[in-house]
file my_file-v6.cif (mmCIF, C-alpha atoms)
data_upload
#
loop_
_atom_site.label_atom_id
_atom_site.label_comp_id
_atom_site.auth_asym_id
_atom_site.auth_seq_id
_atom_site.Cartn_x
_atom_site.Cartn_y
_atom_site.Cartn_z
CA MET A 1 80.38 65.37 97.16
CA SER A 2 77.44 67.19 95.68
CA PRO A 3 75.90 69.85 97.95
CA PHE A 4 72.49 68.46 97.29
CA LEU A 5 73.48 65.09 98.70
CA LEU A 6 74.83 66.89 101.76
CA PHE A 7 71.56 68.72 102.19
CA LEU A 8 69.57 65.53 101.75
CA ALA A 9 71.73 63.84 104.35
CA ALA A 10 71.13 66.69 106.78
CA GLY A 11 67.42 66.47 106.18
CA ALA A 12 67.37 62.75 106.69
CA GLU A 13 69.32 63.12 109.92
CA ALA A 14 66.81 65.67 111.22
CA ALA A 15 63.95 63.39 110.33
CA GLU A 16 65.65 60.56 112.19
CA LYS A 17 66.00 62.64 115.34
CA GLY A 18 62.23 62.67 115.66
CA GLY A 19 59.59 64.88 114.09
CA LEU A 20 58.31 68.32 114.90
CA PRO A 21 59.45 69.89 118.17
CA GLN A 22 56.01 71.54 118.05
CA LEU A 23 54.40 68.18 118.81
CA ASP A 24 56.49 67.47 121.90
CA ALA A 25 53.75 67.72 124.52
CA SER A 26 56.21 67.79 127.41
CA THR A 27 57.04 71.42 126.54
CA TYR A 28 53.40 72.54 126.56
CA PRO A 29 52.99 73.36 130.27
CA SER A 30 56.04 75.57 130.24
CA GLN A 31 55.02 77.35 127.02
CA LEU A 32 51.46 77.90 128.23
CA PHE A 33 52.66 79.09 131.62
CA TRP A 34 55.08 81.65 130.23
CA LEU A 35 52.64 82.71 127.54
CA THR A 36 50.10 83.42 130.29
CA VAL A 37 52.62 85.31 132.40
CA THR A 38 53.99 87.46 129.58
CA PHE A 39 50.72 88.04 127.73
CA LEU A 40 48.84 88.87 130.93
CA SER A 41 51.47 91.31 132.15
CA LEU A 42 51.54 93.00 128.75
CA TYR A 43 47.75 93.15 128.77
CA LEU A 44 47.68 94.71 132.25
CA ALA A 45 50.34 97.26 131.33
CA MET A 46 48.43 98.15 128.15
CA ASN A 47 45.05 98.27 129.86
CA PHE A 48 46.03 100.32 132.89
CA ILE A 49 49.01 102.40 131.82
CA PHE A 50 49.86 102.77 128.15
CA LEU A 51 46.56 102.74 126.30
CA PRO A 52 44.72 105.16 128.63
CA ARG A 53 47.62 107.58 128.35
CA LEU A 54 47.86 107.30 124.58
CA GLY A 55 44.08 107.36 124.13
CA GLY A 56 43.83 110.31 126.50
CA ILE A 57 46.20 112.47 124.53
CA ILE A 58 44.49 111.57 121.24
CA GLU A 59 41.12 112.43 122.77
CA GLN A 60 42.55 115.64 124.19
CA ARG A 61 43.91 116.64 120.81
CA ARG A 62 40.58 115.87 119.17
CA ASN A 63 38.74 118.01 121.74
CA ARG A 64 41.28 120.76 121.39
CA ILE A 65 40.86 120.83 117.63
CA ALA A 66 37.07 120.82 117.97
CA ASP A 67 37.27 123.62 120.53
CA ASP A 68 39.59 125.61 118.32
CA LEU A 69 37.26 125.18 115.38
CA ASP A 70 34.30 126.30 117.51
CA GLN A 71 36.26 129.29 118.71
CA ALA A 72 37.29 130.14 115.18
CA ALA A 73 33.66 129.99 114.04
CA GLU A 74 32.63 132.21 116.94
CA LEU A 75 35.39 134.69 116.21
CA LYS A 76 34.40 134.69 112.57
CA SER A 77 30.78 135.49 113.39
CA GLN A 78 31.99 138.17 115.77
CA ALA A 79 34.15 139.64 113.05
CA GLU A 80 31.23 139.59 110.65
CA GLU A 81 29.07 141.36 113.21
CA ALA A 82 31.76 143.92 113.81
CA GLU A 83 32.07 144.50 110.09
CA LYS A 84 28.32 144.97 109.84
CA ALA A 85 28.35 147.42 112.72
CA TYR A 86 31.28 149.23 111.16
CA ASN A 87 29.50 149.53 107.82
CA GLN A 88 26.38 150.76 109.61
CA ALA A 89 28.38 153.33 111.53
CA LEU A 90 30.09 154.38 108.34
CA ALA A 91 26.78 154.82 106.54
CA ASP A 92 25.36 156.73 109.52
CA ALA A 93 28.38 158.99 109.68
CA ARG A 94 28.21 159.63 105.96
CA ALA A 95 24.52 160.52 106.18
CA LYS A 96 25.16 162.74 109.16
CA ALA A 97 28.05 164.45 107.37
CA ASN A 98 25.88 165.05 104.34
CA ALA A 99 23.13 166.50 106.53
CA ILE A 100 25.57 168.76 108.32
CA ALA A 101 27.08 169.88 105.05
CA ALA A 102 23.67 170.64 103.59
CA GLU A 103 22.59 172.50 106.73
CA THR A 104 25.78 174.50 106.84
CA LYS A 105 25.47 175.34 103.19
CA ALA A 106 21.90 176.53 103.66
CA GLU A 107 22.94 178.60 106.66
CA ILE A 108 25.82 180.15 104.81
CA ASP A 109 23.59 180.80 101.78
CA SER A 110 21.01 182.57 103.89
CA GLU A 111 23.74 184.56 105.63
CA ILE A 112 25.17 185.54 102.27
CA ALA A 113 21.73 186.54 101.06
CA ALA A 114 21.10 188.62 104.18
CA GLU A 115 24.47 190.33 103.85
CA GLN A 116 23.81 191.01 100.18
CA GLU A 117 20.43 192.51 101.05
CA LYS A 118 21.99 194.74 103.66
CA ILE A 119 24.68 195.91 101.30
CA ASP A 120 22.10 196.48 98.54
CA GLN A 121 19.97 198.56 100.90
CA LYS A 122 22.96 200.61 101.97
CA LEU A 123 23.99 201.17 98.37
CA ASN A 124 20.46 202.08 97.36
CA ALA A 125 20.23 204.56 100.21
CA ARG A 126 23.49 206.17 99.24
CA LEU A 127 22.40 206.19 95.61
CA ALA A 128 19.16 207.92 96.50
CA GLU A 129 21.00 210.42 98.65
CA ALA A 130 23.42 211.15 95.87
CA GLU A 131 20.55 211.55 93.40
CA THR A 132 18.76 214.08 95.63
CA ARG A 133 22.03 215.89 96.10
CA ILE A 134 22.58 215.94 92.36
CA ALA A 135 19.04 217.15 91.81
CA ALA A 136 19.51 219.91 94.37
CA MET A 137 22.80 220.89 92.88
CA LYS A 138 21.23 220.86 89.43
CA LYS A 139 18.41 223.07 90.66
CA SER A 140 20.70 225.51 92.33
CA ALA A 141 22.96 225.46 89.31
CA THR A 142 19.99 226.23 87.04
CA ALA A 143 18.89 228.99 89.33
CA LYS A 144 22.38 230.40 89.32
CA VAL A 145 22.54 230.14 85.54
CA SER A 146 19.30 232.07 85.06
CA GLU A 147 20.49 234.62 87.62
CA ALA A 148 23.74 234.93 85.76
CA ALA A 149 21.80 235.19 82.51
CA GLU A 150 19.64 237.94 83.96
CA ASP A 151 22.65 239.79 85.20
CA THR A 152 24.48 239.39 81.94
CA THR A 153 21.43 240.37 79.90
CA ALA A 154 20.87 243.37 82.13
CA ALA A 155 24.48 244.38 81.74
CA LEU A 156 24.35 243.90 77.97
CA VAL A 157 21.13 245.81 77.62
CA GLU A 158 22.52 248.60 79.77
CA ILE A 159 25.58 248.82 77.62
CA LEU A 160 23.54 248.70 74.41
CA ILE A 161 20.79 251.14 75.21
CA ASP A 162 22.29 252.73 78.25
CA GLU A 163 19.20 252.10 80.18
CA LYS A 164 18.54 249.87 83.08
CA PRO A 165 15.91 247.31 81.94
CA ASP A 166 12.94 246.46 84.02
CA GLN A 167 13.54 243.45 86.15
CA GLY A 168 10.13 241.83 85.40
CA VAL A 169 10.41 242.19 81.62
CA LEU A 170 13.91 240.78 81.64
CA LYS A 171 12.80 237.76 83.56
CA ASP A 172 9.96 237.02 81.14
CA ALA A 173 12.20 237.47 78.14
CA ILE A 174 14.81 235.12 79.50
CA ALA A 175 12.18 232.57 80.41
CA LYS A 176 10.87 232.81 76.84
CA ALA A 177 14.34 232.46 75.39
CA THR A 178 15.45 229.43 77.45
CA PRO A 179 14.02 226.17 76.26
CA MET B 1 84.48 76.37 108.88
CA THR B 2 82.94 75.40 112.18
CA LEU B 3 80.12 77.85 111.51
CA LEU B 4 79.45 76.32 108.10
CA THR B 5 79.50 72.79 109.40
CA ALA B 6 77.22 73.81 112.25
CA ILE B 7 74.77 75.24 109.74
CA MET B 8 74.97 72.10 107.63
CA LEU B 9 74.69 69.69 110.53
CA ALA B 10 71.70 71.39 112.16
CA GLY B 11 68.48 69.92 110.83
CA PRO B 12 65.83 72.34 109.60
CA MET B 13 63.64 71.51 112.60
CA GLU B 14 66.28 72.12 115.23
CA GLN B 15 65.61 75.85 115.25
CA PHE B 16 62.21 75.12 116.73
CA GLU B 17 63.48 73.05 119.61
CA ILE B 18 62.47 74.14 123.11
CA MET B 19 65.47 74.31 125.43
CA GLN B 20 65.56 74.86 129.16
CA ILE B 21 67.42 77.89 130.40
CA ILE B 22 66.31 77.99 134.05
CA PRO B 23 64.67 74.78 135.34
CA PHE B 24 61.47 75.39 137.26
CA HIS B 25 59.07 72.67 138.38
CA VAL B 26 55.76 72.92 140.20
CA GLY B 27 54.71 69.44 141.31
CA ASN B 28 54.80 67.28 138.23
CA LEU B 29 54.58 70.26 135.89
CA ASP B 30 57.70 71.37 134.07
CA LEU B 31 57.35 75.18 133.92
CA SER B 32 61.02 75.81 133.18
CA PHE B 33 62.11 79.12 131.73
CA THR B 34 63.01 78.17 128.16
CA ASN B 35 64.25 79.87 125.03
CA SER B 36 60.60 80.30 124.05
CA ALA B 37 59.83 82.01 127.36
CA LEU B 38 62.96 84.16 126.95
CA TRP B 39 61.73 85.48 123.59
CA MET B 40 58.24 86.07 124.91
CA VAL B 41 59.80 88.15 127.68
CA ILE B 42 62.06 89.96 125.20
CA GLY B 43 59.02 90.72 123.04
CA VAL B 44 56.97 92.02 125.95
CA VAL B 45 59.88 94.10 127.22
CA ALA B 46 60.50 95.52 123.74
CA ILE B 47 56.83 96.47 123.36
CA SER B 48 56.75 97.95 126.85
CA VAL B 49 59.87 100.01 126.23
CA PHE B 50 58.37 101.27 122.99
CA MET B 51 55.06 102.12 124.68
CA PHE B 52 56.90 103.73 127.58
CA MET B 53 58.88 105.91 125.19
CA ALA B 54 55.72 106.73 123.26
CA THR B 55 53.83 107.86 126.38
CA ARG B 56 56.71 109.31 128.39
CA ARG B 57 56.33 112.94 127.43
CA LEU B 58 52.83 113.23 126.05
CA SER B 59 52.18 116.36 124.10
CA LEU B 60 49.46 117.69 121.85
CA VAL B 61 52.08 118.03 119.14
CA PRO B 62 53.56 114.53 119.31
CA GLY B 63 57.21 113.62 118.97
CA ARG B 64 58.41 110.80 116.77
CA THR B 65 57.86 107.89 119.14
CA GLN B 66 54.55 109.23 120.40
CA SER B 67 53.48 109.68 116.79
CA ALA B 68 54.36 106.07 116.02
CA GLY B 69 52.49 104.85 119.10
CA GLU B 70 49.46 106.92 118.18
CA SER B 71 49.52 105.56 114.63
CA ILE B 72 49.37 101.98 115.89
CA TYR B 73 46.69 102.94 118.41
CA ILE B 74 44.54 104.54 115.74
CA PHE B 75 45.23 101.70 113.28
CA ILE B 76 43.99 99.05 115.73
CA ALA B 77 41.14 101.22 117.06
CA ASP B 78 39.83 101.94 113.56
CA MET B 79 40.07 98.27 112.64
CA LEU B 80 38.14 97.17 115.72
CA ARG B 81 35.54 99.93 115.47
CA GLY B 82 35.08 99.28 111.77
CA VAL B 83 34.46 95.58 112.29
CA ALA B 84 32.69 95.38 115.66
CA GLY B 85 31.26 98.88 116.13
CA SER B 86 31.82 101.15 119.10
CA GLU B 87 30.59 98.47 121.49
CA GLY B 88 33.53 96.35 120.43
CA MET B 89 35.89 99.01 121.79
CA LYS B 90 35.73 97.42 125.25
CA PHE B 91 37.93 94.69 123.76
CA PHE B 92 40.41 97.23 122.45
CA PRO B 93 43.13 96.55 125.07
CA TYR B 94 42.92 92.84 124.31
CA ILE B 95 43.11 93.26 120.52
CA PHE B 96 45.93 95.78 120.89
CA THR B 97 47.90 93.47 123.18
CA LEU B 98 47.23 90.51 120.89
CA PHE B 99 48.45 92.34 117.81
CA MET B 100 51.55 93.73 119.49
CA PHE B 101 52.44 90.42 121.12
CA ILE B 102 52.15 88.40 117.91
CA PHE B 103 53.86 91.05 115.83
CA ALA B 104 56.78 91.35 118.25
CA SER B 105 57.15 87.58 118.44
CA ASN B 106 57.04 87.15 114.65
CA LEU B 107 59.39 90.03 114.01
CA LEU B 108 62.01 89.41 116.72
CA GLY B 109 62.28 85.76 115.66
CA LEU B 110 63.58 86.89 112.26
CA TRP B 111 66.58 88.53 113.91
CA PRO B 112 69.68 86.52 113.05
CA SER B 113 71.28 84.63 115.92
CA ILE B 114 74.74 85.62 117.03
CA PRO B 115 77.10 83.02 115.54
CA GLY B 116 78.89 80.82 118.09
CA THR B 117 76.49 81.43 120.98
CA PRO B 118 74.90 78.41 122.68
CA ALA B 119 71.71 77.16 121.06
CA GLU B 120 69.60 78.35 124.02
CA TRP B 121 70.50 81.94 123.16
CA HIS B 122 69.61 81.73 119.48
CA THR B 123 66.69 83.81 118.33
CA PHE B 124 63.41 82.03 118.65
CA THR B 125 59.88 82.64 117.45
CA PRO B 126 57.36 81.69 120.16
CA THR B 127 54.54 81.93 117.61
CA SER B 128 56.15 79.15 115.57
CA HIS B 129 54.75 76.72 118.12
CA LEU B 130 51.22 75.49 117.59
CA ILE B 131 50.44 75.31 121.28
CA VAL B 132 51.11 79.05 121.69
CA THR B 133 49.11 80.18 118.68
CA PHE B 134 46.32 77.77 119.51
CA ALA B 135 46.20 79.10 123.08
CA LEU B 136 45.93 82.66 121.75
CA GLY B 137 43.14 81.50 119.45
CA MET B 138 41.41 79.89 122.42
CA VAL B 139 41.55 83.17 124.35
CA THR B 140 39.64 84.89 121.54
CA PHE B 141 37.27 81.94 121.24
CA THR B 142 36.56 81.88 124.99
CA LEU B 143 36.02 85.64 125.03
CA VAL B 144 33.51 85.33 122.20
CA VAL B 145 31.58 82.46 123.81
CA VAL B 146 31.53 83.97 127.31
CA TYR B 147 30.68 87.50 126.20
CA GLY B 148 28.20 86.20 123.60
CA PHE B 149 26.15 84.30 126.17
CA TYR B 150 26.59 87.02 128.81
CA LYS B 151 25.30 89.72 126.49
CA ASN B 152 22.65 87.88 124.43
CA GLY B 153 21.72 84.93 126.66
CA LEU B 154 20.42 82.07 124.56
CA GLY B 155 19.95 84.59 121.73
CA PHE B 156 23.63 84.01 121.04
CA LEU B 157 22.64 80.66 119.52
CA LYS B 158 21.00 82.59 116.67
CA LEU B 159 24.57 82.83 115.38
CA PHE B 160 24.22 79.22 114.21
CA VAL B 161 20.83 79.66 112.56
CA PRO B 162 21.15 82.04 109.63
CA SER B 163 17.90 83.76 108.70
CA GLY B 164 16.43 83.36 105.23
CA VAL B 165 17.51 79.74 104.78
CA PRO B 166 14.90 77.23 103.52
CA ILE B 167 13.63 75.08 106.39
CA LEU B 168 14.85 71.88 104.72
CA MET B 169 18.40 73.20 104.54
CA LEU B 170 18.38 74.54 108.07
CA PRO B 171 19.68 71.48 109.96
CA LEU B 172 22.57 71.06 107.54
CA ILE B 173 23.45 74.79 107.55
CA THR B 174 23.28 74.89 111.34
CA LEU B 175 25.58 71.93 111.59
CA ILE B 176 28.05 73.60 109.22
CA GLU B 177 27.85 76.83 111.19
CA ILE B 178 28.56 75.03 114.46
CA VAL B 179 31.52 73.14 113.00
CA SER B 180 32.95 76.30 111.45
CA PHE B 181 32.50 78.14 114.75
CA LEU B 182 34.25 75.42 116.73
CA SER B 183 37.12 75.26 114.25
CA ARG B 184 37.89 78.96 114.61
CA PRO B 185 40.55 78.69 117.33
CA ILE B 186 42.15 75.81 115.44
CA SER B 187 42.27 77.72 112.17
CA LEU B 188 43.55 80.83 113.94
CA GLY B 189 46.29 78.80 115.61
CA ILE B 190 47.31 76.75 112.60
CA ARG B 191 47.38 79.72 110.20
CA LEU B 192 49.86 81.68 112.31
CA PHE B 193 51.94 78.67 113.34
CA ALA B 194 52.18 77.29 109.80
CA ASN B 195 53.21 80.65 108.37
CA MET B 196 55.98 81.01 110.92
CA LEU B 197 57.09 77.40 110.54
CA ALA B 198 57.21 77.58 106.76
CA GLY B 199 59.06 80.88 106.71
CA HIS B 200 61.78 79.74 109.07
CA LEU B 201 62.08 76.39 107.30
CA ILE B 202 62.65 78.09 103.96
CA LEU B 203 65.21 80.45 105.48
CA LYS B 204 67.02 77.51 107.04
CA ILE B 205 66.96 75.43 103.86
CA PHE B 206 68.38 78.29 101.79
CA ALA B 207 71.04 78.85 104.45
CA THR B 208 71.97 75.17 104.28
CA PHE B 209 72.30 75.46 100.50
CA VAL B 210 74.62 78.41 100.88
CA ALA B 211 76.80 76.58 103.41
CA SER B 212 76.88 73.36 101.36
CA LEU B 213 77.84 75.17 98.18
CA LEU B 214 80.59 77.14 99.93
CA VAL B 215 82.43 73.97 100.94
CA ALA B 216 81.91 72.22 97.60
CA GLY B 217 84.95 73.56 95.72
CA PRO B 218 84.02 75.24 92.43
CA TRP B 219 80.36 75.09 93.35
CA ALA B 220 81.04 77.90 95.83
CA LEU B 221 80.45 80.46 93.09
CA LEU B 222 76.84 79.36 92.87
CA SER B 223 76.25 80.05 96.57
CA ILE B 224 75.27 83.64 95.74
CA LEU B 225 72.00 82.35 94.29
CA PRO B 226 70.50 80.80 97.45
CA PHE B 227 71.99 83.72 99.39
CA MET B 228 70.01 86.21 97.28
CA GLY B 229 67.05 83.91 97.66
CA ASN B 230 67.40 84.11 101.42
CA VAL B 231 67.50 87.90 101.32
CA ALA B 232 64.30 87.92 99.29
CA VAL B 233 62.63 85.42 101.63
CA LEU B 234 63.67 87.44 104.65
CA LEU B 235 62.03 90.55 103.18
CA LEU B 236 58.91 88.52 102.48
CA GLU B 237 58.98 87.17 106.03
CA LEU B 238 59.14 90.71 107.43
CA LEU B 239 55.93 91.43 105.57
CA ILE B 240 54.37 88.16 106.72
CA ALA B 241 55.33 88.91 110.33
CA PHE B 242 53.13 91.99 110.17
CA LEU B 243 50.48 90.42 107.97
CA GLN B 244 49.87 87.40 110.18
CA ALA B 245 49.63 89.56 113.30
CA TYR B 246 47.14 91.73 111.43
CA VAL B 247 45.14 88.74 110.19
CA PHE B 248 44.99 87.23 113.66
CA ALA B 249 43.85 90.55 115.13
CA ILE B 250 41.23 91.31 112.50
CA LEU B 251 39.78 87.79 112.62
CA SER B 252 39.53 88.18 116.39
CA CYS B 253 37.66 91.44 115.79
CA ILE B 254 35.28 89.67 113.40
CA TYR B 255 34.62 86.90 115.92
CA ILE B 256 34.07 89.45 118.69
CA ASN B 257 31.56 91.17 116.43
CA ASP B 258 29.66 87.85 116.32
CA ALA B 259 29.45 87.92 120.10
CA ILE B 260 28.07 91.48 120.04
CA HIS B 261 25.69 91.05 117.08
CA PRO B 262 24.90 87.33 116.83
CA SER B 263 22.07 87.51 114.28
CA HIS B 264 23.38 87.45 110.75
#

call {"tool": "encode", "arguments": {"input": "my_file-v6.cif", "output": "C-alpha cells"}}
result
Amino acid sequence: MSPFLLFLAAGAEAAEKGGLPQLDASTYPSQLFWLTVTFLSLYLAMNFIFLPRLGGIIEQRRNRIADDLDQAAELKSQAEEAEKAYNQALADARAKANAIAAETKAEIDSEIAAEQEKIDQKLNARLAEAETRIAAMKKSATAKVSEAAEDTTAALVEILIDEKPDQGVLKDAIAKATP
Amino acid sequence: MTLLTAIMLAGPMEQFEIMQIIPFHVGNLDLSFTNSALWMVIGVVAISVFMFMATRRLSLVPGRTQSAGESIYIFIADMLRGVAGSEGMKFFPYIFTLFMFIFASNLLGLWPSIPGTPAEWHTFTPTSHLIVTFALGMVTFTLVVVYGFYKNGLGFLKLFVPSGVPILMLPLITLIEIVSFLSRPISLGIRLFANMLAGHLILKIFATFVASLLVAGPWALLSILPFMGNVAVLLLELLIAFLQAYVFAILSCIYINDAIHPSH
C-alpha cells in the first residue's frame, strides 16, 4: 500500500472525527481560567520580585559606572592641578637656585677681590721696604767704596811720593775721577 | 511498530486536543486542570526558575544566568521605551510577562513527547489555541482602551481622526481606523495561533510521512527525506517561537503607545 494513501486515510479519519479542537467551546472556560491563574501569578512575581531586583542591579551598575567616571574625571583634574603645581614649584626652585648661585658667585668674587687686594698691598709694602733697604745698602756701599778708594789712593800716593796727601785734595780728586 | 502505527493513526489535529487531567467544576463551569493548563504551569514554573536563578545572587559583575536575565530585561525595556517612550515603561512588567509567557509556551511545545506516555502527558502548546491567544490580545486591547480614556479622556478618540485628511475623506478614514482598531485583538490572536497551528501541523505531517514510509517495504529508504525536512522545520519553528513572541510583544507596545499619544 502506498504511504501516500495511508497518509490520506489518516487525514480523512481525523477530518471525520470532527474539526479543530480549537473550536470546541466547551474547553474555553478551563483554558481561560488557567490562563488567568498562570499569567497573573507570573505577572505578580515579575512585578513584585524579579523585575525590581533585576532592574535594581542594572540601575546600580549604571550609577556605579557614572560615579566611577565622575571620580575618574575629578582625579584627572586633580592630577593636572598637581602637575601644574609641581611645574610651578620646579620653576620657582630653579629660579631660586639660579639666584642663590649668582649671589654666591658675586660674594665669592668680591671675597677673592678683597683677598687679592690685601695680598697686593702686603706685597707692595714688602717691595717698597726691600727697595729702601736696597737703596740704603747701595748708599752705604757707595760710601764704603769711596772710603776704600780714598784709603787706597792715599796708600798709593804715600808709597809713590812717600808723602801723606792732604785729605781734602784727595777727596776732590776722587770725586772728579768717579763718574 | 506500535510507535509507528500510533504516529500513523493519530490525526494531525489530535495533538491539539484538550484533555482533562484533574477534573474541577465550579457550578456549571468546567475549569478542569487539562494538558493545556499543565503546560501553562510548566512554562510559568520554568520562567520563574530562570528568573529566580538570574536574581538569586545579584552582583555588579553578573554571572551567566544573571547576564542572560539582564539581556532579556534590557531587550524588552529598550523595545518598549523605543516604541512608547519612557511613559510606556509603567507597562514594562506586563510586556515582559507577556513576552516570556508566550515565548515559553511556544518553545516548550516544540519539545518532543516521551514515546509511550499517555496522551495527556504529551507536550502541548497552549498558544496553539485561539481562545488563549485571543484572550492575551484582549488584555492588551483592554489595557489600551482603559488607559487611553483614563489618560486622555475623550481626547483618546483623536486616535480615530487622523489630522491632515481632506474633510470629504474623513468619515471613511475614521470608519477604517475604528475597524482596524477593533480588529487588533483578533489579529494579534489569530497571528500567533495560526503560526503555532501551522508549525505543529507541518511537523506532524512530516512525521506521518516518515512513519508511513518506514513500514512500506523498499520505500523505507526514502524516509530520510521527510525526516530531514522535519529537522529543518523544527529549526524554523524554534525561530518562529521567538519571533511570534517578539511580534506579539512589540505590537502590544505599539498599541500602548497609541493610548499614551493618541494624536497621530

call {"tool": "resolve_selection", "arguments": {"input": "my_file-v6.cif", "expression": "the PyMOL selection byres ((chain B) within 6 of (chain A))", "output": "PyMOL selection string"}}
result
chain B and resi 9+11+17+30-32+37+60+93+97+129+212-213

call {"tool": "atom_distance", "arguments": {"input": "my_file-v6.cif", "atom1": "CA of Met196 in chain B", "atom2": "CA of Gly116 in chain B"}}
result
24.0 Å

call {"tool": "resolve_selection", "arguments": {"input": "my_file-v6.cif", "expression": "the PyMOL selection byres ((chain B and resi 111-113) around 6)", "output": "ChimeraX atom specification"}}
result
/B:108-110,114,122-123

call {"tool": "atom_distance", "arguments": {"input": "my_file-v6.cif", "atom1": "CA of Leu182 in chain B", "atom2": "CA of Asn257 in chain B"}}
result
16.0 Å

call {"tool": "closest_residue", "arguments": {"input": "my_file-v6.cif", "among": "B:Pro218, B:Gly88, B:Pro226, B:Pro126", "to": "Cys253 in chain B", "atoms": "all atoms listed in the file"}}
result
B:Gly88

call {"tool": "atom_distance", "arguments": {"input": "my_file-v6.cif", "atom1": "CA of Val44 in chain B", "atom2": "CA of Ala104 in chain B"}}
result
7.7 Å

call {"tool": "axis_aligned_box", "arguments": {"input": "my_file-v6.cif", "around": "range 229-233 of chain B", "padding_each_side": "4 Å", "output": "lines of an AutoDock Vina configuration file"}}
result
center_x = 65.1
center_y = 85.9
center_z = 99.6
size_x = 12.9
size_y = 12.0
size_z = 12.0

call {"tool": "resolve_selection", "arguments": {"input": "my_file-v6.cif", "expression": "the PyMOL selection byres ((chain B and resi 66-77) around 8)", "output": "ChimeraX atom specification"}}
result
/A:51,54-55,58 /B:50-51,53-55,58,62-65,78-81,89,92,95-96

call {"tool": "residues_around", "arguments": {"input": "my_file-v6.cif", "residues": "Thr34 in chain B", "least_positions_apart": "6", "cutoff": "6 Å", "atoms": "all atoms listed in the file", "output": "count of residues only"}}
result
3

call {"tool": "closest_residue", "arguments": {"input": "my_file-v6.cif", "among": "B:Val83, B:Leu29, B:Leu234, B:Met138", "to": "Arg184 in chain B", "atoms": "all atoms listed in the file"}}
result
B:Met138
